[in-house]
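See below for target_35.txt, which holds compact mmCIF, C-alpha atoms and all ligand atoms.
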```
# COMPACT_ATOMS: atom_id res chain seq x y z
CA MET A 1181 6.70 49.95 113.01
CA ILE A 1182 10.30 50.98 112.17
CA GLY A 1183 11.17 47.26 111.99
CA LEU A 1184 8.32 46.70 109.57
CA LEU A 1185 9.32 49.64 107.40
CA LYS A 1186 12.86 48.32 107.16
CA LYS A 1187 11.64 45.08 105.57
CA HIS A 1188 10.83 45.41 101.91
CA ARG A 1189 9.64 42.48 99.92
CA TYR A 1190 11.88 43.09 96.91
CA PHE A 1191 14.99 44.74 98.32
CA ARG A 1192 16.98 45.31 101.51
CA ASP A 1193 17.62 48.45 103.53
CA HIS A 1194 21.22 49.61 104.05
CA ASP A 1195 23.05 52.31 105.91
CA LEU A 1196 24.19 54.98 103.47
CA LYS A 1197 27.92 54.59 102.76
CA SER A 1198 30.32 57.48 102.27
CA SER A 1199 31.34 56.36 98.79
CA TYR A 1200 30.04 54.40 95.80
CA ASP A 1201 31.28 53.89 92.24
CA VAL A 1202 28.04 55.19 90.77
CA VAL A 1203 25.13 57.18 92.22
CA ILE A 1204 21.84 57.06 90.36
CA ILE A 1205 19.30 59.71 91.28
CA GLY A 1206 15.76 58.37 90.85
CA ALA A 1207 14.45 54.89 91.74
CA GLY A 1208 11.99 54.64 88.88
CA ALA A 1209 12.15 52.21 85.97
CA HIS A 1210 15.01 54.12 84.23
CA GLY A 1211 17.21 54.38 87.32
CA LEU A 1212 16.67 50.79 88.39
CA ALA A 1213 17.16 49.41 84.87
CA THR A 1214 20.44 51.34 84.65
CA ALA A 1215 21.59 49.90 87.98
CA TYR A 1216 20.57 46.40 86.90
CA TYR A 1217 22.46 46.49 83.56
CA LEU A 1218 25.52 48.14 85.17
CA ALA A 1219 25.75 45.28 87.65
CA LYS A 1220 24.73 42.52 85.25
CA ARG A 1221 26.66 43.48 82.11
CA HIS A 1222 29.58 45.45 83.51
CA GLY A 1223 30.15 44.00 86.97
CA ILE A 1224 29.82 47.45 88.60
CA LYS A 1225 28.09 46.72 91.90
CA LYS A 1226 28.97 49.58 94.24
CA ILE A 1227 25.90 51.48 93.16
CA ALA A 1228 23.47 53.57 95.21
CA VAL A 1229 20.07 54.35 93.73
CA LEU A 1230 18.63 57.32 95.65
CA ASP A 1231 15.06 58.51 95.65
CA ARG A 1232 13.52 61.37 97.61
CA SER A 1233 10.31 59.27 97.77
CA TYR A 1234 9.55 55.54 97.50
CA MET A 1235 10.66 53.22 94.69
CA GLY A 1236 8.49 53.82 91.59
CA ALA A 1237 6.77 56.87 93.10
CA GLY A 1238 6.93 59.01 89.97
CA ALA A 1239 6.00 58.43 86.35
CA SER A 1240 6.93 54.72 86.49
CA GLY A 1241 4.19 54.06 89.01
CA ARG A 1242 1.55 56.14 87.22
CA ASN A 1243 1.39 55.85 83.47
CA THR A 1244 -0.75 54.26 80.80
CA THR A 1245 1.73 51.37 80.23
CA ILE A 1246 1.86 51.47 76.42
CA ILE A 1247 4.84 49.86 74.69
CA ARG A 1248 5.46 50.59 70.99
CA SER A 1249 8.20 51.44 68.50
CA ASN A 1250 6.28 52.99 65.57
CA TYR A 1251 8.08 56.35 65.73
CA LEU A 1252 8.56 58.81 62.88
CA THR A 1253 12.32 59.22 62.78
CA PRO A 1254 14.69 56.34 62.01
CA GLU A 1255 16.61 57.25 65.20
CA GLY A 1256 13.45 57.05 67.33
CA ALA A 1257 12.07 53.89 65.69
CA ARG A 1258 15.39 52.01 66.05
CA PHE A 1259 15.79 53.03 69.68
CA TYR A 1260 12.25 52.05 70.73
CA GLU A 1261 12.40 48.83 68.71
CA ALA A 1262 15.40 47.79 70.80
CA SER A 1263 13.32 48.57 73.89
CA VAL A 1264 10.38 46.45 72.68
CA LYS A 1265 12.81 43.56 72.11
CA LEU A 1266 14.10 43.84 75.69
CA TYR A 1267 10.53 44.02 77.00
CA GLU A 1268 9.70 40.80 75.14
CA SER A 1269 12.05 38.76 77.32
CA LEU A 1270 11.89 40.88 80.49
CA SER A 1271 9.60 38.57 82.50
CA GLN A 1272 12.05 35.72 81.94
CA ASP A 1273 15.18 37.83 82.41
CA LEU A 1274 13.96 39.23 85.74
CA ASN A 1275 12.00 36.13 86.77
CA PHE A 1276 8.95 38.26 87.44
CA ASN A 1277 5.54 38.15 85.76
CA MET A 1278 5.14 41.49 83.98
CA LEU A 1279 1.78 40.70 82.33
CA PHE A 1280 3.13 41.88 78.98
CA SER A 1281 0.58 41.48 76.19
CA GLN A 1282 1.30 42.52 72.61
CA HIS A 1283 -2.21 42.80 71.19
CA GLY A 1284 -1.48 45.47 68.62
CA HIS A 1285 -1.68 49.25 68.45
CA LEU A 1286 -3.81 51.37 66.08
CA THR A 1287 -3.10 55.09 65.57
CA LEU A 1288 -6.16 56.50 63.84
CA ALA A 1289 -6.07 59.07 61.05
CA HIS A 1290 -9.08 61.35 60.60
CA SER A 1291 -7.72 63.72 57.93
CA ASP A 1292 -5.75 63.49 54.70
CA ARG A 1293 -2.82 65.16 56.45
CA SER A 1294 -2.69 62.51 59.15
CA VAL A 1295 -3.09 59.67 56.60
CA ASN A 1296 0.08 61.07 54.98
CA THR A 1297 1.89 61.14 58.32
CA MET A 1298 0.86 57.51 58.96
CA MET A 1299 2.23 56.55 55.52
CA GLU A 1300 5.50 58.28 56.27
CA ARG A 1301 5.75 56.54 59.65
CA ALA A 1302 4.94 53.15 58.07
CA GLU A 1303 7.67 53.68 55.46
CA VAL A 1304 10.31 54.71 58.03
CA ASN A 1305 9.24 51.81 60.27
CA ARG A 1306 9.56 49.30 57.44
CA LEU A 1307 13.03 50.58 56.53
CA VAL A 1308 14.35 50.06 60.06
CA GLY A 1309 12.58 46.72 60.61
CA VAL A 1310 9.61 47.86 62.75
CA ASP A 1311 6.40 45.98 62.02
CA SER A 1312 3.78 48.59 61.06
CA ARG A 1313 1.56 49.39 58.06
CA VAL A 1314 -1.33 51.61 57.06
CA VAL A 1315 -4.76 49.94 57.19
CA TYR A 1316 -8.14 51.19 55.98
CA PRO A 1317 -11.66 51.05 57.47
CA ASP A 1318 -12.60 47.49 56.34
CA GLU A 1319 -9.51 46.04 57.96
CA ILE A 1320 -9.81 48.37 60.96
CA LYS A 1321 -13.31 46.96 61.51
CA ASP A 1322 -11.90 43.40 61.52
CA LEU A 1323 -9.07 44.35 63.86
CA CYS A 1324 -11.27 46.28 66.28
CA PRO A 1325 -15.02 45.74 65.79
CA GLN A 1326 -15.78 48.07 68.73
CA LEU A 1327 -14.65 51.17 66.80
CA ASP A 1328 -17.32 53.24 65.08
CA ILE A 1329 -16.01 53.38 61.50
CA SER A 1330 -19.20 54.98 60.14
CA ASP A 1331 -19.39 58.62 59.08
CA HIS A 1332 -21.37 59.49 62.24
CA PRO A 1333 -18.42 60.66 64.39
CA THR A 1334 -17.43 64.31 64.04
CA PHE A 1335 -14.05 63.09 62.75
CA PRO A 1336 -14.65 59.81 60.86
CA ILE A 1337 -11.80 57.28 60.71
CA LEU A 1338 -10.07 57.35 57.29
CA ALA A 1339 -7.15 55.00 58.01
CA ALA A 1340 -4.82 53.89 60.79
CA LEU A 1341 -1.21 52.96 61.40
CA TYR A 1342 -1.34 49.34 62.58
CA HIS A 1343 1.58 48.21 64.75
CA PRO A 1344 1.08 44.53 65.72
CA PRO A 1345 3.88 44.36 68.40
CA GLY A 1346 2.41 47.30 70.33
CA GLY A 1347 1.24 46.28 73.77
CA VAL A 1348 0.84 46.98 77.46
CA ILE A 1349 2.81 45.80 80.47
CA ARG A 1350 2.26 45.98 84.23
CA HIS A 1351 4.23 49.15 85.00
CA ASP A 1352 4.89 48.57 88.72
CA ALA A 1353 6.09 45.06 87.94
CA VAL A 1354 8.80 46.54 85.70
CA VAL A 1355 10.00 48.65 88.65
CA TRP A 1356 9.83 45.78 91.14
CA GLY A 1357 11.48 43.32 88.76
CA TYR A 1358 14.48 45.55 88.04
CA GLY A 1359 14.73 46.58 91.72
CA LYS A 1360 14.62 42.98 92.98
CA GLU A 1361 17.32 41.73 90.58
CA ALA A 1362 19.56 44.78 91.07
CA ASP A 1363 19.32 44.29 94.85
CA LYS A 1364 20.31 40.63 94.48
CA MET A 1365 23.53 41.72 92.74
CA GLY A 1366 24.42 44.12 95.56
CA VAL A 1367 22.92 47.41 94.30
CA GLU A 1368 21.64 49.52 97.22
CA ILE A 1369 18.25 51.20 96.86
CA HIS A 1370 17.86 54.12 99.27
CA GLN A 1371 14.34 55.48 99.48
CA TYR A 1372 13.54 58.85 101.09
CA THR A 1373 17.06 60.05 100.33
CA ASP A 1374 16.92 63.54 98.88
CA VAL A 1375 19.84 64.85 96.81
CA THR A 1376 20.40 68.45 97.88
CA GLY A 1377 23.65 69.17 96.02
CA ILE A 1378 25.97 67.73 93.39
CA ASN A 1379 29.65 68.40 94.02
CA VAL A 1380 32.00 69.28 91.17
CA GLU A 1381 35.72 70.03 91.26
CA ASN A 1382 37.69 71.15 88.19
CA GLY A 1383 34.77 70.25 85.93
CA LYS A 1384 34.42 66.72 87.35
CA VAL A 1385 31.76 65.22 89.59
CA THR A 1386 33.10 64.33 93.05
CA GLY A 1387 29.92 63.38 94.87
CA VAL A 1388 26.45 64.32 96.07
CA ASP A 1389 25.03 65.85 99.25
CA THR A 1390 21.88 64.25 100.61
CA ASN A 1391 19.58 64.67 103.60
CA ARG A 1392 21.40 61.61 105.03
CA GLY A 1393 24.98 62.78 104.43
CA THR A 1394 27.56 63.28 101.68
CA ILE A 1395 28.52 60.53 99.23
CA HIS A 1396 31.76 60.51 97.23
CA CYS A 1397 31.56 59.14 93.69
CA ASP A 1398 32.91 59.79 90.17
CA THR A 1399 29.69 59.14 88.29
CA VAL A 1400 26.21 60.53 88.87
CA ILE A 1401 23.24 59.75 86.63
CA SER A 1402 20.07 61.79 86.78
CA CYS A 1403 17.00 59.64 86.03
CA VAL A 1404 14.33 61.82 87.59
CA ALA A 1405 11.86 62.42 84.73
CA GLY A 1406 9.81 65.57 85.45
CA TRP A 1407 12.32 66.79 88.04
CA SER A 1408 15.27 66.80 85.62
CA THR A 1409 15.63 70.56 85.26
CA LEU A 1410 15.80 70.94 89.05
CA VAL A 1411 18.44 68.23 89.50
CA CYS A 1412 20.48 69.49 86.53
CA ASP A 1413 20.37 73.01 87.99
CA LEU A 1414 22.27 71.61 90.99
CA VAL A 1415 25.23 70.89 88.72
CA GLY A 1416 24.87 73.84 86.34
CA VAL A 1417 23.76 71.85 83.29
CA PRO A 1418 20.90 73.77 81.65
CA LEU A 1419 18.24 71.68 79.94
CA PRO A 1420 15.99 73.03 77.16
CA LEU A 1421 12.85 71.49 78.66
CA THR A 1422 9.40 72.63 79.70
CA THR A 1423 7.45 70.64 82.28
CA HIS A 1424 3.75 69.99 81.68
CA ILE A 1425 1.15 67.90 83.39
CA LEU A 1426 -0.44 64.92 81.70
CA GLN A 1427 -3.76 63.55 82.89
CA ALA A 1428 -5.12 60.03 82.73
CA CYS A 1429 -7.87 57.90 84.29
CA VAL A 1430 -9.21 54.36 84.62
CA THR A 1431 -12.74 53.01 84.60
CA GLU A 1432 -14.20 50.30 86.77
CA PRO A 1433 -13.16 46.81 85.56
CA VAL A 1434 -15.43 45.09 83.04
CA LYS A 1435 -15.14 41.88 81.02
CA PRO A 1436 -12.49 41.79 78.25
CA LEU A 1437 -13.86 43.83 75.35
CA LEU A 1438 -10.99 45.68 73.72
CA ASP A 1439 -7.76 43.95 72.79
CA LYS A 1440 -6.18 46.73 70.71
CA ILE A 1441 -4.60 49.93 71.96
CA ILE A 1442 -6.37 52.79 70.22
CA VAL A 1443 -4.77 56.21 69.77
CA SER A 1444 -6.18 59.27 68.05
CA GLY A 1445 -3.93 62.29 67.57
CA THR A 1446 -6.79 64.42 66.25
CA LEU A 1447 -8.99 63.67 69.27
CA HIS A 1448 -5.99 63.75 71.66
CA ILE A 1449 -6.85 60.41 73.26
CA TYR A 1450 -5.56 56.88 73.81
CA ILE A 1451 -7.12 53.83 75.42
CA SER A 1452 -6.34 50.22 76.27
CA GLN A 1453 -8.00 47.62 78.47
CA SER A 1454 -5.85 46.24 81.26
CA ASP A 1455 -5.71 42.58 82.22
CA ARG A 1456 -7.82 43.53 85.23
CA GLY A 1457 -10.53 44.79 82.85
CA GLU A 1458 -10.15 48.52 83.50
CA PHE A 1459 -10.11 50.87 80.53
CA VAL A 1460 -6.94 52.95 80.91
CA MET A 1461 -7.32 56.27 79.12
CA GLY A 1462 -5.34 59.42 78.67
CA SER A 1463 -5.08 62.65 76.79
CA GLU A 1464 -2.42 65.05 75.59
CA ILE A 1465 -0.21 67.13 77.89
CA GLU A 1466 -1.78 70.29 79.28
CA PRO A 1467 -0.67 73.36 77.30
CA TYR A 1468 0.49 75.22 80.44
CA SER A 1469 3.73 74.32 82.16
CA GLY A 1470 4.21 73.86 85.90
CA TYR A 1471 4.18 71.39 88.77
CA SER A 1472 0.51 71.42 89.72
CA ASN A 1473 -0.80 67.93 90.34
CA THR A 1474 -4.47 68.84 90.24
CA SER A 1475 -6.69 66.69 88.04
CA THR A 1476 -9.42 68.59 86.24
CA PHE A 1477 -13.06 67.95 85.40
CA ARG A 1478 -12.51 69.51 81.97
CA PHE A 1479 -10.08 66.70 81.14
CA ILE A 1480 -12.65 64.02 82.02
CA GLU A 1481 -15.41 65.79 80.09
CA ASP A 1482 -13.35 66.22 76.90
CA LEU A 1483 -11.90 62.74 77.09
CA ALA A 1484 -15.30 61.08 77.66
CA MET A 1485 -16.87 63.03 74.80
CA HIS A 1486 -14.21 61.92 72.32
CA MET A 1487 -13.95 58.35 73.60
CA ILE A 1488 -17.68 57.76 73.31
CA GLU A 1489 -17.69 59.02 69.73
CA LEU A 1490 -15.07 56.43 68.81
CA LEU A 1491 -16.16 53.60 71.11
CA PRO A 1492 -19.87 54.10 71.89
CA MET A 1493 -20.00 51.14 74.32
CA LEU A 1494 -17.87 53.18 76.76
CA GLY A 1495 -20.91 55.32 77.52
CA HIS A 1496 -21.77 52.74 80.22
CA ALA A 1497 -18.36 52.63 81.92
CA LYS A 1498 -17.86 54.48 85.22
CA ILE A 1499 -14.61 56.34 85.90
CA LEU A 1500 -12.90 54.87 88.96
CA ARG A 1501 -10.02 57.33 89.43
CA GLN A 1502 -7.95 59.95 87.63
CA TRP A 1503 -4.43 61.27 88.16
CA THR A 1504 -1.78 63.64 86.80
CA GLY A 1505 1.93 63.22 86.12
CA TYR A 1506 4.78 65.44 84.94
CA CYS A 1507 6.21 65.38 81.43
CA ASP A 1508 9.32 67.19 80.25
CA VAL A 1509 9.11 68.25 76.63
CA SER A 1510 12.22 69.08 74.58
CA PRO A 1511 12.31 71.38 71.52
CA ASP A 1512 12.42 68.43 69.08
CA TYR A 1513 10.21 66.08 71.16
CA SER A 1514 13.10 63.63 71.54
CA PRO A 1515 14.82 62.70 74.81
CA ILE A 1516 18.23 63.95 75.97
CA MET A 1517 20.65 61.23 77.03
CA GLY A 1518 24.32 60.77 77.76
CA LEU A 1519 27.37 62.83 78.62
CA THR A 1520 27.31 66.48 79.63
CA GLU A 1521 29.93 69.20 79.94
CA VAL A 1522 30.47 68.14 83.56
CA GLU A 1523 32.65 65.04 83.52
CA GLY A 1524 30.94 62.14 85.26
CA PHE A 1525 27.47 63.71 85.18
CA ILE A 1526 25.14 61.80 82.88
CA ILE A 1527 21.62 62.77 81.97
CA ASP A 1528 18.54 60.84 81.04
CA ALA A 1529 15.79 63.41 80.54
CA GLY A 1530 13.21 65.02 78.25
CA TRP A 1531 10.93 62.01 77.99
CA GLY A 1532 7.66 63.75 77.19
CA THR A 1533 4.87 61.18 77.43
CA TYR A 1534 6.96 58.25 76.24
CA GLY A 1535 9.58 57.57 78.92
CA PHE A 1536 8.18 54.41 80.44
CA LYS A 1537 8.35 52.48 77.16
CA ALA A 1538 12.07 53.31 76.89
CA SER A 1539 13.04 52.01 80.35
CA PRO A 1540 14.92 48.82 79.38
CA ILE A 1541 16.88 50.35 76.51
CA VAL A 1542 17.74 53.46 78.55
CA GLY A 1543 19.16 51.25 81.30
CA PHE A 1544 21.00 49.07 78.80
CA THR A 1545 22.60 51.90 76.80
CA ILE A 1546 23.45 54.20 79.73
CA ALA A 1547 25.06 51.22 81.47
CA ASP A 1548 27.07 50.52 78.31
CA LEU A 1549 28.13 54.17 78.14
CA ILE A 1550 29.48 54.01 81.70
CA GLY A 1551 30.87 50.48 81.43
CA THR A 1552 32.74 51.03 78.14
CA GLY A 1553 33.32 54.79 78.19
CA LYS A 1554 31.79 55.01 74.70
CA THR A 1555 28.40 56.45 73.75
CA PRO A 1556 26.36 53.62 72.16
CA GLU A 1557 25.21 54.34 68.60
CA LEU A 1558 21.56 54.00 69.58
CA ILE A 1559 21.72 57.04 71.90
CA GLN A 1560 24.27 59.15 70.03
CA PRO A 1561 21.47 61.05 68.17
CA PHE A 1562 19.90 62.04 71.52
CA ARG A 1563 23.02 63.66 72.99
CA TRP A 1564 22.64 66.97 74.84
CA ALA A 1565 25.09 68.65 72.43
CA ARG A 1566 22.68 68.26 69.49
CA PHE A 1567 20.95 71.49 70.46
CA TYR A 1568 24.00 73.63 69.77
CA GLU A 1569 25.30 71.38 66.97
CA ASN A 1570 22.01 72.03 65.12
CA ASP A 1571 21.38 68.30 64.71
CA LEU A 1572 17.83 67.85 66.04
CA VAL A 1573 15.79 64.62 65.87
CA SER A 1574 12.31 65.92 65.15
CA GLU A 1575 9.87 63.42 66.59
CA ARG A 1576 6.94 65.84 66.70
CA GLY A 1577 4.86 63.69 64.33
CA ALA A 1578 4.83 60.54 66.45
CA ALA A 1579 6.11 61.18 69.95
CA ALA A 1580 2.72 61.37 71.60
CA VAL A 1581 -0.95 61.69 70.94
CA SER A 1582 -1.18 65.36 70.27
CA HIS A 1583 1.78 65.93 68.01
O1 LIG B 1 3.66 57.81 73.32
O2 LIG B 1 2.62 55.87 73.26
C1 LIG B 1 2.78 57.01 73.70
C2 LIG B 1 1.91 57.46 74.81
C3 LIG B 1 0.94 56.75 75.40
C4 LIG B 1 0.44 57.54 76.40
C5 LIG B 1 1.11 58.70 76.39
N1 LIG B 1 2.03 58.64 75.42
```

Just dump the structure as structure tokens.
Ligand code: PYC
Amino acid sequence: MIGLLKKHRYFRDHDLKSSYDVVIIGAGAHGLATAYYLAKRHGIKKIAVLDRSYMGAGASGRNTTIIRSNYLTPEGARFYEASVKLYESLSQDLNFNMLFSQHGHLTLAHSDRSVNTMMERAEVNRLVGVDSRVVYPDEIKDLCPQLDISDHPTFPILAALYHPPGGVIRHDAVVWGYGKEADKMGVEIHQYTDVTGINVENGKVTGVDTNRGTIHCDTVISCVAGWSTLVCDLVGVPLPLTTHILQACVTEPVKPLLDKIIVSGTLHIYISQSDRGEFVMGSEIEPYSGYSNTSTFRFIEDLAMHMIELLPMLGHAKILRQWTGYCDVSPDYSPIMGLTEVEGFIIDAGWGTYGFKASPIVGFTIADLIGTGKTPELIQPFRWARFYENDLVSERGAAAVSH
């Protein structure tokens, strides 16, 4: 059994060494992408990626796989556009079929206020080169004949933000692809390795303590999504985040029916159909914060009620399974990335419900930050210091379904 466990299809097991150049905490898509780009672009190969669980166990392995860049702020739209571009060539770059399909993304507007927000997003998107525009019911009907555009729903559809490059990708494949290629370049992935302390001397990181021993290193990156506040507490870096649960579910697989991703902020829902035929559906974050992982019947009831109003044919679909994940929400609904007051300790946190779609560009830019010593322009707006420099990036209007 032990022998079997030591053989992984996409990466090798190693004894934990007493020192590395870089330690990355979290073997999800962000951590593995960072390791991959550090090795590939900067030749840094003495890297340990540590995870207290298995590779991809957290939000990377359980999300609704949506990729898009139609954000509200120029900073957000530019950043996610760079991520979409990396996703477009990821299957080739990692030699791994990611099942990426860019069928288009429609964010529905059911009130004059949200039509205005869609117009503002379309304008910002156009200015920074993101393909999106406002469309009205006749065109919405052509784009997605399954939607009920009549005045029967409680909240009829008035318009939508149409984002043609929006798509879905096989989330576990992103994790496996980055892990496999990072491993090939010498990166060590250590599963079931729990970081219990981060050591600092004279304001500089000197290493980490784990359940398997102490590691010496100059650079530690925290890529642990919903666990960020706990890891950052180990090093005394406070994060202005609250942790909430997000619920989602999938139906049984049916024939291909829906090729657009549909999002409604007013109804707090989003849906896409996977290549396997399942409808993948989710809602907004729960209003209470905490680390419960209990799925609720209320979520399924509310979601089904709203989904069926928009897409009546879903009334026949059976729910196969539901799950919950953790989301860290920052005061301005934008992530927090880059240097901290502790030299050598780098954060990648505050991803709300939109972290998975940022994985490639997070890895790319954090690797550049470490490799060159300079904060890349794309992530400068998301620095931790913005909270006391009064320089927020308010993404409330487009960060997730409910905002
Ligand atoms: O921000 O696109 C998004 C999203 C999809 C599911 C949750 N958030």

Within 8 Å of Thr1386 of chain A using only C-alpha atoms, minus same-chain residues under 5 positions, as a list in words |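 The filter keeps Ile1378, Asn1379, Val1380, Glu1381, His1396, Cys1397, Asp1398 and Thr1399 of chain A.
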
Within 9 Å of Tyr1316 of chain A, counting all atoms listed in the file, which residues show up once you throw out same-chain ones fewer than 6 positions away? Write them as a PyMOL selection string, please.
-> chain A and resi 1337-1341

Save the residues we just selected, C-alpha atoms, as a short mmCIF file (atom, residue, chain, number, x, y, z; two decimals), in the frame of the given file?
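Full text of out11.cif as output:
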```cif
data_model
loop_
_atom_site.label_atom_id
_atom_site.label_comp_id
_atom_site.auth_asym_id
_atom_site.auth_seq_id
_atom_site.Cartn_x
_atom_site.Cartn_y
_atom_site.Cartn_z
CA ILE A 1337 -11.80 57.28 60.71
CA LEU A 1338 -10.07 57.35 57.29
CA ALA A 1339 -7.15 55.00 58.01
CA ALA A 1340 -4.82 53.89 60.79
CA LEU A 1341 -1.21 52.96 61.40
#
```

Hey, which of A:Val1354, A:Val1308, A:Met1485, A:Cys1412 ends up closest to Leu1447 of chain A? Count all atoms listed in the file.
->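 Of all the options, A:Met1485 lies closest to Leu1447 of chain A.
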
note - atom CA of Ile1401 of chain A and atom CA of Asp1528 of chain A are separated by 7.4 Å

Counting only C-alpha atoms and all ligand atoms, figure out which residue out of A:His1188, A:Lys1220, A:His1496, A:His1343 gets nearest to ligand LIG 1 (chain B).
->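 Closest candidate: A:His1343.
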
With a distance cut-off of 10 Å and all atoms listed in the file, select the neighbouring residues of Glu1261 of chain A, excluding the residue or stretch itself and same-chain residues fewer than 2 positions from it, and output the selection as an MDAnalysis selection string.
-> chainID A and resid 1247:1251 1256:1259 1263:1267 1305 1308:1311 1345 1538 1541

Would you export the selected residues with C-alpha atoms as an mmCIF file, in the coordinates of the input, please?
```
data_model
loop_
_atom_site.group_PDB
_atom_site.id
_atom_site.type_symbol
_atom_site.label_atom_id
_atom_site.label_comp_id
_atom_site.auth_asym_id
_atom_site.auth_seq_id
_atom_site.Cartn_x
_atom_site.Cartn_y
_atom_site.Cartn_z
ATOM 1 C CA ILE A 1247 4.840 49.860 74.690
ATOM 2 C CA ARG A 1248 5.460 50.590 70.990
ATOM 3 C CA SER A 1249 8.200 51.440 68.500
ATOM 4 C CA ASN A 1250 6.280 52.990 65.570
ATOM 5 C CA TYR A 1251 8.080 56.350 65.730
ATOM 6 C CA GLY A 1256 13.450 57.050 67.330
ATOM 7 C CA ALA A 1257 12.070 53.890 65.690
ATOM 8 C CA ARG A 1258 15.390 52.010 66.050
ATOM 9 C CA PHE A 1259 15.790 53.030 69.680
ATOM 10 C CA SER A 1263 13.320 48.570 73.890
ATOM 11 C CA VAL A 1264 10.380 46.450 72.680
ATOM 12 C CA LYS A 1265 12.810 43.560 72.110
ATOM 13 C CA LEU A 1266 14.100 43.840 75.690
ATOM 14 C CA TYR A 1267 10.530 44.020 77.000
ATOM 15 C CA ASN A 1305 9.240 51.810 60.270
ATOM 16 C CA VAL A 1308 14.350 50.060 60.060
ATOM 17 C CA GLY A 1309 12.580 46.720 60.610
ATOM 18 C CA VAL A 1310 9.610 47.860 62.750
ATOM 19 C CA ASP A 1311 6.400 45.980 62.020
ATOM 20 C CA PRO A 1345 3.880 44.360 68.400
ATOM 21 C CA ALA A 1538 12.070 53.310 76.890
ATOM 22 C CA ILE A 1541 16.880 50.350 76.510
#
```

Identify which of the residues A:Leu1426, A:Leu1421, A:Leu1483, A:Ala1529 lies closest to ligand LIG 1 (chain B), counting all atoms listed in the file when measuring atom-to-atom distances.
->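 Comparing A:Leu1426, A:Leu1421, A:Leu1483, A:Ala1529 against ligand LIG 1 (chain B), the winner is A:Leu1426.
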
Determine, counting all atoms listed in the file, which protein, DNA and RNA residues have an atom within 12 Å of an atom of Glu1268 of chain A; residues of the same chain fewer than 5 positions away are not included. Present the result as a PyMOL selection string.
-> chain A and resi 1247-1248+1261-1263+1273-1274+1277-1282+1345-1349+1537+1540

For the selection you just gave me, I'd like the residues written to a file as an mmCIF file, keeping the file's coordinate frame, keeping C-alpha atoms.
```cif
data_model
loop_
_atom_site.group_PDB
_atom_site.id
_atom_site.type_symbol
_atom_site.label_atom_id
_atom_site.label_comp_id
_atom_site.auth_asym_id
_atom_site.auth_seq_id
_atom_site.Cartn_x
_atom_site.Cartn_y
_atom_site.Cartn_z
ATOM 1 C CA ILE A 1247 4.840 49.860 74.690
ATOM 2 C CA ARG A 1248 5.460 50.590 70.990
ATOM 3 C CA GLU A 1261 12.400 48.830 68.710
ATOM 4 C CA ALA A 1262 15.400 47.790 70.800
ATOM 5 C CA SER A 1263 13.320 48.570 73.890
ATOM 6 C CA ASP A 1273 15.180 37.830 82.410
ATOM 7 C CA LEU A 1274 13.960 39.230 85.740
ATOM 8 C CA ASN A 1277 5.540 38.150 85.760
ATOM 9 C CA MET A 1278 5.140 41.490 83.980
ATOM 10 C CA LEU A 1279 1.780 40.700 82.330
ATOM 11 C CA PHE A 1280 3.130 41.880 78.980
ATOM 12 C CA SER A 1281 0.580 41.480 76.190
ATOM 13 C CA GLN A 1282 1.300 42.520 72.610
ATOM 14 C CA PRO A 1345 3.880 44.360 68.400
ATOM 15 C CA GLY A 1346 2.410 47.300 70.330
ATOM 16 C CA GLY A 1347 1.240 46.280 73.770
ATOM 17 C CA VAL A 1348 0.840 46.980 77.460
ATOM 18 C CA ILE A 1349 2.810 45.800 80.470
ATOM 19 C CA LYS A 1537 8.350 52.480 77.160
ATOM 20 C CA PRO A 1540 14.920 48.820 79.380
#
```

Taking only residues of chain A that have an atom at most 8 Å from an atom of ligand LIG 1 (chain B), what is each one's shortest atom pair and its distance in Å to one decimal, using all atoms listed in the file, in chain and number order, as JSON lines?
```
{"residue": "A:Asn1243", "atom": "CA", "partner": "B:LIG1", "partner_atom": "C4", "distance": 7.3}
{"residue": "A:Thr1244", "atom": "CA", "partner": "B:LIG1", "partner_atom": "C4", "distance": 5.6}
{"residue": "A:Thr1245", "atom": "CA", "partner": "B:LIG1", "partner_atom": "C3", "distance": 7.3}
{"residue": "A:Ile1246", "atom": "CA", "partner": "B:LIG1", "partner_atom": "C3", "distance": 5.5}
{"residue": "A:Ile1247", "atom": "CA", "partner": "B:LIG1", "partner_atom": "O2", "distance": 6.6}
{"residue": "A:Arg1248", "atom": "CA", "partner": "B:LIG1", "partner_atom": "O2", "distance": 6.4}
{"residue": "A:Tyr1450", "atom": "CA", "partner": "B:LIG1", "partner_atom": "C4", "distance": 6.6}
{"residue": "A:Gly1462", "atom": "CA", "partner": "B:LIG1", "partner_atom": "C4", "distance": 6.5}
{"residue": "A:Ser1463", "atom": "CA", "partner": "B:LIG1", "partner_atom": "C5", "distance": 7.4}
{"residue": "A:Glu1464", "atom": "CA", "partner": "B:LIG1", "partner_atom": "C5", "distance": 7.3}
{"residue": "A:Gly1532", "atom": "CA", "partner": "B:LIG1", "partner_atom": "N1", "distance": 7.8}
{"residue": "A:Thr1533", "atom": "CA", "partner": "B:LIG1", "partner_atom": "N1", "distance": 4.3}
{"residue": "A:Tyr1534", "atom": "CA", "partner": "B:LIG1", "partner_atom": "O1", "distance": 4.4}
{"residue": "A:Lys1537", "atom": "CA", "partner": "B:LIG1", "partner_atom": "O2", "distance": 7.7}
{"residue": "A:Ala1578", "atom": "CA", "partner": "B:LIG1", "partner_atom": "O1", "distance": 7.5}
{"residue": "A:Ala1579", "atom": "CA", "partner": "B:LIG1", "partner_atom": "O1", "distance": 5.4}
{"residue": "A:Ala1580", "atom": "CA", "partner": "B:LIG1", "partner_atom": "O1", "distance": 4.1}
{"residue": "A:Val1581", "atom": "CA", "partner": "B:LIG1", "partner_atom": "N1", "distance": 6.2}
```
